Amino acid sequence: MLLPHPESDLTLNIFVLGSEIITALKGRKDFTLVENVMRDFLKTSEKRSPDLFFDVLTFLYTIGFLDYKGYKVRLKKHDTPAPRLF
């Protein structure tokens, strides 16, 4: 399990920021310009930077949550439900 450092700022944690981007993209059905998503991301806090945004976007793409086409992104559609463990 990945645990953040006890003294780190959780508002800048990649998992927290990833969940915010996922929430922002949930309401959008089609591909959205990366610039629009980044603008909304940067408005939330002065501590956020474009570098941090692209790190989070890369993380979400790597774990399979995003599709991209050109300069546009959307949440990946998952047809099969997550497996139940119990």
# chains A, B, ... in the order shown; residues from 1 in each chain; ligands from 1
$ select_by_dssp --residues "chain A" --states "alpha helix (DSSP H)" --output "number ranges by chain"
A: 14-26, 34-43, 50-62
$ residues_around --residues "A:Leu42" --least-positions-apart "3" --cutoff "12 Å" --atoms "only C-alpha atoms" --output "PyMOL selection string"
chain A and resi 12+17+20-21+35-39+45-54
$ residues_around --residues "A:Thr23" --least-positions-apart "6" --cutoff "12 Å" --atoms "only C-alpha atoms" --output "ChimeraX atom specification"
/A:16-17,37,40-41,65,74-75
$ residues_around --residues "A:Asp67" --least-positions-apart "3" --cutoff "9 Å" --atoms "only C-alpha atoms" --output "VMD selection string"
chain A and resid 31 61 64 72 to 77
$ residues_around --residues "A:Leu60" --least-positions-apart "6" --cutoff "9 Å" --atoms "only C-alpha atoms" --output "ChimeraX atom specification"
/A:18,22,66
$ atom_distance --atom1 "atom CA of A:Tyr68" --atom2 "atom CA of A:Leu33"
9.7 Å
$ select_by_dssp --residues "chain A" --states "strand (DSSP E or B)" --output "list in words"
Thr32, Leu33, Leu66, Asp67, Tyr68, Lys69, Lys72, Val73, Arg74 and Leu75 of chain A
$ closest_residue --among "A:Ala24, A:Ile63, A:Glu7, A:Tyr71" --to "A:Thr44" --atoms "only C-alpha atoms"
A:Ala24
$ atom_distance --atom1 "atom CA of A:Lys43" --atom2 "atom CA of A:Leu25"
15.6 Å
$ closest_residue --among "A:Pro4, A:Ile14, A:Thr58, A:Lys69" --to "A:Asp30" --atoms "only C-alpha atoms"
A:Lys69
